file input03.txt (compact mmCIF, C-alpha atoms)
# COMPACT_ATOMS: atom_id res chain seq x y z
CA MET A 1 3.77 -34.48 -6.20
CA HIS A 2 0.22 -33.76 -5.06
CA LEU A 3 -2.14 -31.88 -7.38
CA ASP A 4 -2.39 -28.93 -4.97
CA GLN A 5 1.41 -28.57 -4.88
CA PHE A 6 1.50 -28.62 -8.67
CA ALA A 7 -1.18 -25.91 -8.75
CA MET A 8 0.83 -23.72 -6.38
CA ILE A 9 4.00 -24.20 -8.46
CA CYS A 10 1.97 -23.01 -11.46
CA ILE A 11 0.84 -19.97 -9.45
CA GLY A 12 4.46 -19.25 -8.54
CA LEU A 13 5.43 -19.46 -12.22
CA LEU A 14 2.50 -17.15 -13.07
CA LEU A 15 3.76 -14.55 -10.59
CA LEU A 16 7.22 -14.77 -12.14
CA TYR A 17 5.71 -14.36 -15.61
CA LEU A 18 3.72 -11.29 -14.55
CA ALA A 19 6.81 -9.78 -12.95
CA ILE A 20 9.37 -10.56 -15.68
CA VAL A 21 7.30 -10.36 -18.86
CA LYS A 22 4.55 -7.92 -17.89
CA GLY A 23 6.56 -5.81 -15.45
CA PHE A 24 4.00 -6.06 -12.60
CA GLU A 25 5.80 -5.03 -9.37
CA PRO A 26 8.88 -7.11 -10.29
CA LEU A 27 10.90 -6.10 -7.22
CA LEU A 28 8.43 -7.97 -5.01
CA LEU A 29 6.75 -10.49 -7.28
CA VAL A 30 10.04 -12.08 -8.41
CA PRO A 31 11.14 -13.06 -4.88
CA ILE A 32 7.55 -13.86 -3.83
CA GLY A 33 7.01 -16.10 -6.86
CA PHE A 34 10.35 -17.84 -6.44
CA GLY A 35 9.71 -18.30 -2.72
CA GLY A 36 6.38 -19.88 -3.62
CA LEU A 37 8.16 -22.35 -5.90
CA LEU A 38 10.61 -23.33 -3.18
CA ALA A 39 7.84 -23.71 -0.60
CA ASN A 40 5.90 -26.23 -2.74
CA ILE A 41 8.60 -28.54 -4.11
CA PRO A 42 7.86 -31.99 -2.61
CA GLY A 43 10.40 -33.15 -0.06
CA VAL A 44 12.01 -29.72 0.29
CA ASP A 45 11.20 -28.44 3.78
CA ILE A 46 12.62 -25.00 3.16
CA ALA A 47 9.54 -23.10 4.32
CA VAL A 48 8.94 -25.00 7.57
CA GLY A 49 10.94 -26.13 10.60
CA ASN A 50 14.53 -24.97 10.34
CA GLY A 51 14.28 -24.11 6.63
CA ILE A 52 15.86 -20.87 5.48
CA LEU A 53 12.60 -19.34 4.26
CA TYR A 54 10.94 -20.06 7.58
CA GLN A 55 13.86 -18.38 9.32
CA PHE A 56 13.39 -15.31 7.11
CA TYR A 57 9.70 -15.29 8.03
CA SER A 58 10.32 -15.70 11.76
CA LEU A 59 13.05 -13.06 11.83
CA GLY A 60 11.46 -10.43 9.62
CA ILE A 61 7.68 -10.79 9.46
CA GLU A 62 6.66 -12.34 12.77
CA THR A 63 8.62 -9.56 14.43
CA GLY A 64 7.40 -6.95 11.91
CA MET A 65 10.98 -5.91 11.17
CA PHE A 66 11.02 -6.23 7.36
CA PRO A 67 7.91 -4.07 6.66
CA LEU A 68 9.18 -1.46 9.11
CA LEU A 69 12.57 -1.30 7.38
CA ILE A 70 10.81 -0.93 4.02
CA PHE A 71 8.72 1.89 5.49
CA MET A 72 11.88 3.63 6.65
CA GLY A 73 13.19 3.43 3.09
CA VAL A 74 9.91 4.75 1.69
CA GLY A 75 10.17 7.68 4.09
CA ALA A 76 13.69 8.41 2.89
CA MET A 77 12.41 8.51 -0.70
CA THR A 78 9.35 10.67 0.05
CA ASP A 79 9.07 14.40 -0.55
CA PHE A 80 6.45 16.02 1.68
CA GLY A 81 6.77 19.26 -0.30
CA PRO A 82 3.57 18.90 -2.41
CA LEU A 83 1.53 18.03 0.69
CA LEU A 84 2.92 20.94 2.70
CA ALA A 85 2.40 23.32 -0.23
CA ASN A 86 -1.28 22.33 -0.45
CA PRO A 87 -2.37 20.93 2.96
CA LYS A 88 -5.98 20.51 1.78
CA THR A 89 -4.88 17.38 -0.09
CA LEU A 90 -4.46 15.66 3.28
CA PHE A 91 -8.25 15.23 3.27
CA LEU A 92 -8.05 13.39 -0.07
CA GLY A 93 -5.53 10.93 1.33
CA ALA A 94 -7.71 10.42 4.40
CA ALA A 95 -10.88 9.88 2.32
CA ALA A 96 -9.19 7.19 0.22
CA GLN A 97 -8.73 5.09 3.38
CA PHE A 98 -12.51 4.64 3.60
CA GLY A 99 -12.11 1.53 1.44
CA ILE A 100 -10.21 -0.16 4.28
CA PHE A 101 -13.01 0.17 6.81
CA ALA A 102 -15.83 -0.42 4.31
CA THR A 103 -14.21 -3.70 3.28
CA LEU A 104 -13.69 -4.73 6.90
CA LEU A 105 -17.44 -4.32 7.48
CA GLY A 106 -18.18 -6.07 4.19
CA ALA A 107 -16.03 -9.07 5.13
CA LEU A 108 -17.79 -9.35 8.48
CA GLY A 109 -21.17 -9.03 6.76
CA LEU A 110 -20.36 -11.84 4.32
CA SER A 111 -19.25 -13.97 7.25
CA GLU A 112 -22.55 -13.30 9.03
CA LEU A 113 -24.36 -14.47 5.88
CA GLY A 114 -22.32 -17.68 5.90
CA ILE A 115 -20.58 -16.98 2.57
CA PHE A 116 -17.16 -16.78 4.20
CA ASN A 117 -15.88 -17.37 7.71
CA PHE A 118 -13.64 -14.41 8.52
CA SER A 119 -12.96 -13.33 12.10
CA VAL A 120 -12.65 -9.65 13.01
CA SER A 121 -8.84 -9.91 12.89
CA GLU A 122 -8.92 -11.57 9.47
CA ALA A 123 -11.41 -9.00 8.12
CA ALA A 124 -9.17 -6.16 9.34
CA ALA A 125 -6.11 -7.71 7.68
CA ILE A 126 -8.04 -8.07 4.40
CA GLY A 127 -9.40 -4.53 4.54
CA ILE A 128 -5.93 -2.99 4.73
CA ILE A 129 -5.39 -4.09 1.10
CA GLY A 130 -7.52 -1.06 0.21
CA GLY A 131 -4.69 1.20 1.33
CA ALA A 132 -2.67 0.00 -1.68
CA ASP A 133 0.44 -0.12 0.49
CA GLY A 134 2.26 -3.46 0.35
CA PRO A 135 4.47 -3.12 3.45
CA THR A 136 1.53 -1.93 5.55
CA ALA A 137 -0.63 -4.84 4.34
CA ILE A 138 2.14 -7.31 5.20
CA TYR A 139 2.71 -5.71 8.61
CA VAL A 140 -0.98 -5.81 9.57
CA ALA A 141 -1.44 -9.36 8.23
CA GLY A 142 1.63 -10.52 10.16
CA GLN A 143 0.15 -9.05 13.35
CA LEU A 144 -3.52 -10.01 12.93
CA ALA A 145 -3.78 -12.96 10.50
CA PRO A 146 -0.39 -14.53 9.67
CA HIS A 147 -2.04 -17.58 8.07
CA LEU A 148 -3.55 -15.28 5.41
CA LEU A 149 -0.29 -13.43 4.75
CA GLY A 150 0.49 -15.00 1.36
CA ALA A 151 -2.92 -14.27 -0.16
CA ILE A 152 -3.04 -10.74 1.28
CA ALA A 153 0.46 -9.89 0.05
CA VAL A 154 -0.20 -11.26 -3.44
CA ALA A 155 -3.51 -9.35 -3.62
CA ALA A 156 -1.97 -6.09 -2.36
CA TYR A 157 0.98 -6.08 -4.75
CA SER A 158 -1.08 -7.35 -7.69
CA TYR A 159 -3.59 -4.52 -7.35
CA MET A 160 -0.79 -1.98 -6.86
CA ALA A 161 0.70 -3.18 -10.14
CA LEU A 162 -2.70 -2.93 -11.84
CA VAL A 163 -3.32 0.70 -10.78
CA PRO A 164 -3.12 1.93 -14.43
CA LEU A 165 -5.87 -0.52 -15.38
CA ILE A 166 -8.14 -0.38 -12.31
CA GLN A 167 -8.29 3.34 -11.55
CA PRO A 168 -8.98 5.13 -14.89
CA PRO A 169 -12.49 3.67 -15.48
CA ILE A 170 -13.54 4.66 -11.94
CA MET A 171 -12.04 8.14 -12.33
CA ARG A 172 -13.79 8.72 -15.67
CA LEU A 173 -17.10 7.41 -14.34
CA LEU A 174 -17.12 9.80 -11.37
CA THR A 175 -15.90 12.96 -13.14
CA THR A 176 -17.15 15.10 -16.00
CA GLU A 177 -15.02 16.25 -18.91
CA ALA A 178 -15.07 19.79 -17.48
CA GLU A 179 -13.84 18.57 -14.10
CA ARG A 180 -10.97 16.64 -15.67
CA LYS A 181 -9.91 19.81 -17.50
CA ILE A 182 -9.54 21.87 -14.29
CA GLU A 183 -6.08 23.43 -14.16
CA MET A 184 -4.44 23.88 -10.76
CA VAL A 185 -2.13 26.74 -9.81
CA GLN A 186 1.62 26.34 -9.30
CA LEU A 187 2.57 25.04 -5.86
CA ARG A 188 4.49 27.34 -3.53
CA GLU A 189 8.10 26.67 -2.57
CA VAL A 190 8.39 24.74 0.72
CA SER A 191 11.34 25.58 2.98
CA GLN A 192 13.76 23.03 4.39
CA ARG A 193 12.72 24.03 7.92
CA GLU A 194 9.13 23.06 7.17
CA LYS A 195 10.25 19.72 5.76
CA ILE A 196 12.33 19.00 8.88
CA VAL A 197 9.64 20.00 11.38
CA PHE A 198 6.76 18.20 9.63
CA PRO A 199 7.81 14.53 10.20
CA LEU A 200 8.57 15.30 13.86
CA MET A 201 5.22 16.97 14.44
CA LEU A 202 3.38 14.28 12.48
CA LEU A 203 4.89 11.46 14.54
CA LEU A 204 4.26 13.11 17.89
CA LEU A 205 0.67 14.10 17.12
CA VAL A 206 -0.37 10.74 15.65
CA ALA A 207 1.52 8.52 18.10
CA LEU A 208 -0.08 10.27 21.08
CA VAL A 209 -3.55 9.55 19.69
CA VAL A 210 -2.92 6.14 18.05
CA PRO A 211 0.11 4.55 19.76
CA SER A 212 -0.18 1.41 17.61
CA ALA A 213 0.60 3.51 14.54
CA ALA A 214 3.94 4.61 16.02
CA PRO A 215 6.09 1.73 14.65
CA LEU A 216 5.07 2.22 11.00
CA LEU A 217 4.80 5.98 11.13
CA GLY A 218 7.93 6.27 13.27
CA MET A 219 10.11 4.45 10.74
CA PHE A 220 8.51 6.42 7.91
CA CYS A 221 9.16 9.76 9.61
CA PHE A 222 12.70 8.78 10.64
CA GLY A 223 13.55 7.92 7.03
CA ASN A 224 12.10 11.23 5.87
CA LEU A 225 13.99 13.19 8.53
CA MET A 226 17.26 11.64 7.35
CA ARG A 227 16.41 12.78 3.83
CA GLU A 228 15.49 16.35 4.73
CA CYS A 229 17.87 17.30 7.55
CA GLY A 230 20.86 17.41 5.18
CA VAL A 231 23.47 16.19 7.66
CA VAL A 232 23.24 12.39 7.22
CA ASN A 233 23.25 12.02 3.44
CA ARG A 234 25.22 8.77 3.63
CA LEU A 235 22.60 7.22 5.92
CA SER A 236 19.79 8.50 3.72
CA ASP A 237 21.40 7.10 0.57
CA THR A 238 21.97 3.72 2.24
CA THR A 239 18.37 3.61 3.46
CA GLN A 240 16.95 4.51 0.04
CA ASN A 241 19.06 2.01 -1.87
CA ALA A 242 21.08 -0.80 -0.24
CA LEU A 243 18.94 -1.31 2.85
CA VAL A 244 15.63 -1.27 0.98
CA ASN A 245 16.96 -3.61 -1.73
CA ILE A 246 18.33 -6.16 0.76
CA THR A 247 15.17 -6.07 2.86
CA THR A 248 12.98 -6.42 -0.25
CA ILE A 249 14.74 -9.68 -1.18
CA PHE A 250 14.24 -11.21 2.25
CA LEU A 251 10.69 -9.87 2.56
CA GLY A 252 9.64 -11.32 -0.79
CA LEU A 253 11.09 -14.75 -0.06
CA ALA A 254 9.49 -14.77 3.41
CA VAL A 255 6.07 -13.91 1.94
CA GLY A 256 6.58 -16.55 -0.76
CA SER A 257 7.10 -19.14 1.98
CA LYS A 258 3.45 -18.58 2.94
CA LEU A 259 2.21 -19.58 -0.53
CA ARG A 260 2.01 -23.21 0.53
CA ALA A 261 -0.86 -25.21 -0.92
CA GLU A 262 -2.63 -25.95 2.36
CA GLN A 263 -2.70 -22.24 3.25
CA PHE A 264 -3.39 -20.69 -0.16
CA LEU A 265 -5.72 -23.10 -1.98
CA VAL A 266 -8.77 -22.46 0.20
CA VAL A 267 -12.08 -20.68 -0.43
CA GLU A 268 -10.99 -17.79 1.77
CA THR A 269 -8.24 -16.90 -0.71
CA LEU A 270 -10.85 -16.14 -3.38
CA GLY A 271 -12.68 -13.99 -0.85
CA ILE A 272 -9.46 -12.10 -0.06
CA LEU A 273 -8.80 -11.41 -3.74
CA LEU A 274 -12.37 -10.21 -4.34
CA LEU A 275 -12.60 -8.11 -1.18
CA GLY A 276 -9.16 -6.64 -1.82
CA MET A 277 -10.32 -5.46 -5.24
CA VAL A 278 -13.46 -3.96 -3.69
CA ALA A 279 -11.37 -2.15 -1.06
CA PHE A 280 -9.08 -0.70 -3.71
CA CYS A 281 -11.97 0.47 -5.89
CA ILE A 282 -13.80 2.07 -2.95
CA GLY A 283 -10.62 3.89 -1.89
CA THR A 284 -10.18 5.27 -5.40
CA ALA A 285 -13.81 6.37 -5.61
CA THR A 286 -13.95 8.05 -2.19
CA GLY A 287 -10.79 10.02 -2.94
CA VAL A 288 -12.35 11.39 -6.14
CA LEU A 289 -15.69 12.11 -4.44
CA MET A 290 -13.97 13.95 -1.57
CA ALA A 291 -12.30 16.27 -4.10
CA LYS A 292 -15.71 16.98 -5.67
CA ILE A 293 -17.17 17.75 -2.24
CA MET A 294 -14.25 20.03 -1.38
CA ASN A 295 -14.85 21.97 -4.60
CA LEU A 296 -18.19 23.05 -3.16
CA ILE A 297 -16.32 24.75 -0.31
CA VAL A 298 -12.87 25.90 -1.42
CA LYS A 299 -12.25 28.98 -3.58
CA GLN A 300 -9.43 27.49 -5.67
CA PRO A 301 -10.89 24.44 -7.47
CA ILE A 302 -9.26 21.03 -7.16
CA ASN A 303 -9.09 18.68 -10.11
CA PRO A 304 -10.99 15.61 -8.77
CA LEU A 305 -8.60 13.28 -10.60
CA ILE A 306 -5.93 13.87 -7.96
CA GLY A 307 -8.29 12.43 -5.33
CA ALA A 308 -7.67 8.96 -6.79
CA ALA A 309 -4.00 9.38 -5.84
CA GLY A 310 -5.10 9.25 -2.20
CA VAL A 311 -4.46 5.51 -2.27
CA SER A 312 -0.83 5.12 -1.30
CA ALA A 313 0.49 3.42 -4.44
CA VAL A 314 3.39 5.89 -4.72
CA PRO A 315 4.02 7.28 -7.30
CA MET A 316 1.98 5.21 -9.74
CA ALA A 317 -1.42 6.54 -8.66
CA ALA A 318 -0.17 10.12 -9.06
CA ARG A 319 1.09 9.31 -12.56
CA VAL A 320 -2.29 7.87 -13.51
CA ALA A 321 -4.04 11.06 -12.35
CA SER A 322 -1.54 13.16 -14.29
CA LYS A 323 -2.02 11.06 -17.44
CA LEU A 324 -5.82 11.41 -17.38
CA GLY A 325 -5.49 15.15 -16.75
CA LEU A 326 -3.25 15.55 -19.81
CA GLU A 327 -5.69 13.55 -21.93
CA ALA A 328 -8.47 16.00 -21.03
CA ASN A 329 -6.33 19.15 -21.22
CA PRO A 330 -2.83 19.20 -22.80
CA ASN A 331 -1.91 22.14 -20.53
CA ASN A 332 -2.95 20.31 -17.37
CA PHE A 333 0.11 19.19 -15.39
CA LEU A 334 -1.18 17.44 -12.28
CA LEU A 335 1.73 15.23 -11.22
CA MET A 336 3.10 17.37 -8.39
CA HIS A 337 -0.44 18.24 -7.24
CA ALA A 338 -1.32 14.51 -7.17
CA MET A 339 1.78 13.73 -5.10
CA GLY A 340 0.16 15.61 -2.19
CA PRO A 341 -2.73 13.17 -1.69
CA ASN A 342 -0.43 10.30 -2.71
CA VAL A 343 1.91 11.01 0.20
CA ALA A 344 -1.09 11.71 2.45
CA GLY A 345 -2.34 8.24 1.52
CA VAL A 346 0.86 6.67 2.86
CA ILE A 347 0.31 8.50 6.15
CA GLY A 348 -3.37 7.56 6.14
CA SER A 349 -2.72 3.85 5.56
CA ALA A 350 -0.18 3.78 8.42
CA VAL A 351 -2.68 5.47 10.75
CA ALA A 352 -5.46 3.11 9.63
CA ALA A 353 -3.15 0.14 10.30
CA GLY A 354 -2.48 1.45 13.79
CA VAL A 355 -6.20 1.89 14.45
CA LEU A 356 -6.95 -1.67 13.32
CA ILE A 357 -4.16 -3.19 15.39
CA GLN A 358 -5.07 -1.12 18.45
CA PHE A 359 -8.77 -2.03 18.44
CA VAL A 360 -8.73 -5.53 16.94
CA GLN A 361 -5.62 -7.28 18.24
call {"tool": "encode", "arguments": {"input": "input03.txt", "output": "structure tokens"}}
result
Amino acid sequence: MHLDQFAMICIGLLLLYLAIVKGFEPLLLVPIGFGGLLANIPGVDIAVGNGILYQFYSLGIETGMFPLLIFMGVGAMTDFGPLLANPKTLFLGAAAQFGIFATLLGALGLSELGIFNFSVSEAAAIGIIGGADGPTAIYVAGQLAPHLLGAIAVAAYSYMALVPLIQPPIMRLLTTEAERKIEMVQLREVSQREKIVFPLMLLLLVALVVPSAAPLLGMFCFGNLMRECGVVNRLSDTTQNALVNITTIFLGLAVGSKLRAEQFLVVETLGILLLGMVAFCIGTATGVLMAKIMNLIVKQPINPLIGAAGVSAVPMAARVASKLGLEANPNNFLLMHAMGPNVAGVIGSAVAAGVLIQFVQ
């Protein structure tokens, strides 16, 4: 066994430890970590050639099928009600995507300085980590920089798991005690008709402007339509549970197959991890700052904490905003309000992915 293979086996075991013992995104990190173990055992060509893990990768990630199926499941589990009840929160979700494009420019700048050597496609694939959406990050990496897929996937899911640790210091730094105490009014009731029409209108409007976003957003909206229309409950239940679970297993193992030593143990991997963290932090900060800017305009004040939920780590980012709101004011129940920008962030990351693919590929 070569030293680099031993190091990658240790990394695989570390991912399993974080998933099993620490509870960090176990649904993905368990299959990714185990796939990484299989891919680095000497003499076991399971991740190359005709190996089963390579077949999973070719079938599901090269084609983009696995992330799209996951997105359909996410759509079936998503309630657009909080966003429709308070449409202003769409701006918070959009602002949180700034981290994606800022990091893309940062990666290109570091490459110009000779610190790293990222192409435009690689920089775009790294930047999408800032959306805090694992399937979107995998989809974009598979399209633009498949050789970086393992590092990007590990970074994306690691930072999603660390949301409760990464976001609160940024949120506290950018808000005052008085701002964190702001109470928001009860959301209005959203009708079923609105919930049915919204995914159809969203898909048509976005796909006409950014056609490359249609695959991700289309699967997301189709899953949501199945949930809300009320006539295909069996299909919705299957999509939310069995289909997502099966796809998650194959997706994780396929990503793990890319954790091979010669692809992962390079200087660029460190750059991906660092830039991914920067992207995530910028996205959190811009979401909070957008809420503060909106408070200068709108009559009904917005608690800036919910701006941090604009990153699409659903529903963890919304829970973090709610927790900090309760710490500042025991009567401050922000969870449903934070779900608005949280869901908007999912839409925003899909649109950002489409923009990157359309202009970079």
call {"tool": "atom_distance", "arguments": {"input": "input03.txt", "atom1": "CA of Gly130 (chain A)", "atom2": "CA of Gly99 (chain A)"}}
result
5.4 Å
call {"tool": "residues_around", "arguments": {"input": "input03.txt", "residues": "region 119-121 of chain A", "least_positions_apart": "6", "cutoff": "8 Å", "atoms": "all atoms listed in the file", "output": "number ranges by chain"}}
result
A: 104, 108, 111, 144-145, 360-361
call {"tool": "residues_around", "arguments": {"input": "input03.txt", "residues": "Pro87 (chain A)", "least_positions_apart": "5", "cutoff": "12 Å", "atoms": "all atoms listed in the file", "output": "ChimeraX atom specification"}}
result
/A:80-82,92-94,187-188,190,198,337,339-341,343-344
call {"tool": "atom_distance", "arguments": {"input": "input03.txt", "atom1": "CA of Gly12 (chain A)", "atom2": "CA of Gly36 (chain A)"}}
result
5.3 Å
call {"tool": "atom_distance", "arguments": {"input": "input03.txt", "atom1": "CA of Met72 (chain A)", "atom2": "CA of Ile196 (chain A)"}}
result
15.5 Å
call {"tool": "closest_residue", "arguments": {"input": "input03.txt", "among": "A:Leu3, A:Leu253, A:Ala352, A:Leu69", "to": "Ser212 (chain A)", "atoms": "all atoms listed in the file"}}
result
A:Ala352
call {"tool": "closest_atom_pairs", "arguments": {"input": "input03.txt", "of": "region 250-323 of chain A", "to": "region 155-162 of chain A", "cutoff": "8 Å", "atoms": "all atoms listed in the file", "output": "Markdown table"}}
result
| residue | atom | partner | partner_atom | distance |
| --- | --- | --- | --- | --- |
| A:Ile272 | CA | A:Ala155 | CA | 7.5 |
| A:Leu273 | CA | A:Ala155 | CA | 5.7 |
| A:Gly276 | CA | A:Ala155 | CA | 6.5 |
| A:Met277 | CA | A:Tyr159 | CA | 7.1 |
| A:Phe280 | CA | A:Tyr159 | CA | 7.6 |
| A:Ala313 | CA | A:Met160 | CA | 6.1 |
call {"tool": "closest_residue", "arguments": {"input": "input03.txt", "among": "A:Val48, A:Ile306, A:Gly150, A:Gly218", "to": "Lys323 (chain A)", "atoms": "all atoms listed in the file"}}
result
A:Ile306
call {"tool": "residues_around", "arguments": {"input": "input03.txt", "residues": "Asn329 (chain A)", "least_positions_apart": "5", "cutoff": "10 Å", "atoms": "all atoms listed in the file", "output": "list in words"}}
result
Glu177, Ala178, Arg180, Lys181, Ile182, Glu183, Lys323 and Leu324 of chain A
call {"tool": "closest_residue", "arguments": {"input": "input03.txt", "among": "A:Gly35, A:Gly271, A:Pro301, A:Pro67", "to": "Phe116 (chain A)", "atoms": "all atoms listed in the file"}}
result
A:Gly271
call {"tool": "closest_residue", "arguments": {"input": "input03.txt", "among": "A:Asp45, A:Asp133, A:Asp79, A:Glu327", "to": "Ala353 (chain A)", "atoms": "all atoms listed in the file"}}
result
A:Asp133
call {"tool": "residues_around", "arguments": {"input": "input03.txt", "residues": "region 247-252 of chain A", "least_positions_apart": "4", "cutoff": "12 Å", "atoms": "all atoms listed in the file", "output": "MDAnalysis selection string"}}
result
chainID A and resid 15 25:36 52:62 64:74 134:135 138:139 142 149:150 153:154 157 238:243 256:259
call {"tool": "residues_around", "arguments": {"input": "input03.txt", "residues": "Ala318 (chain A)", "least_positions_apart": "6", "cutoff": "6 Å", "atoms": "only C-alpha atoms", "output": "MDAnalysis selection string"}}
result
chainID A and resid 309 335 338:339
call {"tool": "closest_residue", "arguments": {"input": "input03.txt", "among": "A:Ser312, A:Gln97, A:Asn40, A:Gln358", "to": "Met290 (chain A)", "atoms": "all atoms listed in the file"}}
result
A:Gln97
call {"tool": "residues_near_point", "arguments": {"input": "input03.txt", "point": "(-14.8, -0.2, 8.5)", "cutoff": "12 Å", "atoms": "only C-alpha atoms", "output": "ChimeraX atom specification"}}
result
/A:97-109,120,123-128,130,279,282-283,352-353,355-356,359-360
call {"tool": "closest_residue", "arguments": {"input": "input03.txt", "among": "A:Pro199, A:Pro169, A:Gly307, A:Gly49", "to": "Met226 (chain A)", "atoms": "only C-alpha atoms"}}
result
A:Pro199
